[in-house]
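Asker: Here it is, the structure, as structure tokens.
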Amino acid sequence: MKIAPDSVPDLANMDADALRQLVLGSMARQQALQDELRYKEAKISKLTHEIAVLRRYRFGKKSEQLAGVQGLLLDDTVDADMAAIEQELINLGGQPPVERTVAQPKRQALPPQLPRIDIHHEPDSTHCSCGCQLQRIGEDVAEKLDYVPGIFSVQRHIRGKWVCRQCQTLSQAPVPGHVIDKGLATTGLLAHVLVAKYGDHLPLYRQQKIFERAGVSLARSTLAQWVGVCGVQLQPLVDALRQHVLGRRVLHADETPVQMLKPGTGRTHRAYLWAYAPGTFDDLRAVVYDFTEGRAGENARTFLGDWQGSLVCDDYVGYKACFTQGITEVGCMAHARRKFFELDDKSLLAGQALNYMGQLYDIER
């Protein structure tokens, strides 16, 4: 690597303080690079271990696996998790394990009866840099499976090849970007699978049967891989949304239990989905969800970080530590009212409290 002469500091003419600062700055940058390298190595080791555990379950003895519909749901989740971990390893510069204990499903040719939609990609200019007119000599065609609910179609991305007869320069439009490189599905199909799974609560094995009725057979493992990779690819949007939400002065927080299937145990355990949203009168209409395997208060502290503001929540003890770190506690009126409502027929004070709370609700409305 060549270094420009003007980028090299003149050490001979530098005083001791400037030289010391230069050395310290260089040492700090080197330490930061070493810290980042150690973090990546630890992350890669952790992910490699996780994917090994998942593969041991997924491709292990049948006696270790669940049967019936519950088993199908867990297999779909494991396949999605493995695809997500592989994508994270690739993003970190590592390589996912290549050993496969069972043959992976081969991509089948898309049914010829499906309608084809040609999308042409040509160079911006058909003139060579030498001034000659380019001649079209062929094309590359990549087929992507698209889906509008109930109807499959195939997008044919046609990239023409243009050559200059004078200088033999070959020109071709770049490959358009896709969520999954060299993947089969368009963004529309990926969005449909995700919305059907998480928005409409349609498991992948049911989606598979719906797609078969529409004329296309897709392996459940393929659908699960799409879900896993999309989860990783969407993470930057989640991070950006989290930053926008944490930029608000008032936040609402709550946690909801969900049953989580865990590979190897043969049963479920209770996990939690935490929800964070701006106040009712905020112009940002958004909710960020944070999944954790437990209800410990440190999960809320980790998500909020150094955020300072007013937190509207119930009286769960897990939030209490946040209020010692500069966050203002705002009790939930609905939770408070519930206790007075339970005493309404036994206490005059309870009835009076309910009356006052009703006036507050009138003001809010």
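Ordering of the structure tokens sets the chain letters (A, B, ...); residue numbers start at 1 within each chain; ligands are numbered from 1 in the order shown.
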Per residue of range 76-164 of chain A within 12 Å of range 235-247 of chain A, note the shortest atom pair and the distance in Å to one decimal, counting only C-alpha atoms, and order the rows by chain and increasing residue number, as JSON lines.
Answerer:
{"residue": "A:Ala84", "atom": "CA", "partner": "A:Gln235", "partner_atom": "CA", "distance": 10.9}
{"residue": "A:Gln87", "atom": "CA", "partner": "A:Gln235", "partner_atom": "CA", "distance": 11.7}
{"residue": "A:Glu88", "atom": "CA", "partner": "A:Gln235", "partner_atom": "CA", "distance": 10.6}
Asker: As an MDAnalysis selection string, please: the residues near range 200-207 of chain A (cut-off 7 Å, only C-alpha atoms, same-chain neighbours under 5 positions excluded).
Answerer: chainID A and resid 73 76 195 220 223
Asker: Could you pull the residues within 9 Å of His192 in chain A, counting only C-alpha atoms, minus those fewer than 6 positions along the same chain, as a PyMOL selection string?
Answerer: chain A and resi 147-149
Asker: Can you measure CA of Val78 in chain A to CA of Thr222 in chain A for me? One decimal in Å is fine.
Answerer: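 Spanning CA of Val78 in chain A to CA of Thr222 in chain A is a straight-line distance of 12.1 Å.
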Asker: Show me a table, sorted first by chain and then by increasing residue number, of the residues of range 165-227 of chain A having an atom at most 12 Å from range 106-117 of chain A, each with its shortest atom pair and the distance in Å to one decimal, counting only C-alpha atoms and written as JSON lines.
Answerer:
{"residue": "A:Lys182", "atom": "CA", "partner": "A:Arg107", "partner_atom": "CA", "distance": 11.6}
{"residue": "A:Gly183", "atom": "CA", "partner": "A:Arg107", "partner_atom": "CA", "distance": 10.1}
{"residue": "A:Leu184", "atom": "CA", "partner": "A:Arg107", "partner_atom": "CA", "distance": 8.5}
{"residue": "A:Ala185", "atom": "CA", "partner": "A:Leu110", "partner_atom": "CA", "distance": 11.3}
{"residue": "A:Glu212", "atom": "CA", "partner": "A:Pro111", "partner_atom": "CA", "distance": 11.6}
{"residue": "A:Ala214", "atom": "CA", "partner": "A:Leu114", "partner_atom": "CA", "distance": 9.9}
{"residue": "A:Gly215", "atom": "CA", "partner": "A:Pro111", "partner_atom": "CA", "distance": 7.8}
{"residue": "A:Val216", "atom": "CA", "partner": "A:Pro111", "partner_atom": "CA", "distance": 7.2}
{"residue": "A:Ser217", "atom": "CA", "partner": "A:Gln108", "partner_atom": "CA", "distance": 8.9}
{"residue": "A:Leu218", "atom": "CA", "partner": "A:Gln108", "partner_atom": "CA", "distance": 9.0}
{"residue": "A:Ala219", "atom": "CA", "partner": "A:Arg107", "partner_atom": "CA", "distance": 9.5}
{"residue": "A:Ser221", "atom": "CA", "partner": "A:Lys106", "partner_atom": "CA", "distance": 11.3}
{"residue": "A:Thr222", "atom": "CA", "partner": "A:Arg107", "partner_atom": "CA", "distance": 9.4}
Asker: Would you kindly return, as a PyMOL selection string, each protein, DNA or RNA residue with an atom no farther than 12 Å from any atom of Gly294 in chain A, considering only C-alpha atoms and excluding same-chain residues fewer than 5 positions away?
Answerer: chain A and resi 255-260+269-274+299-300+318
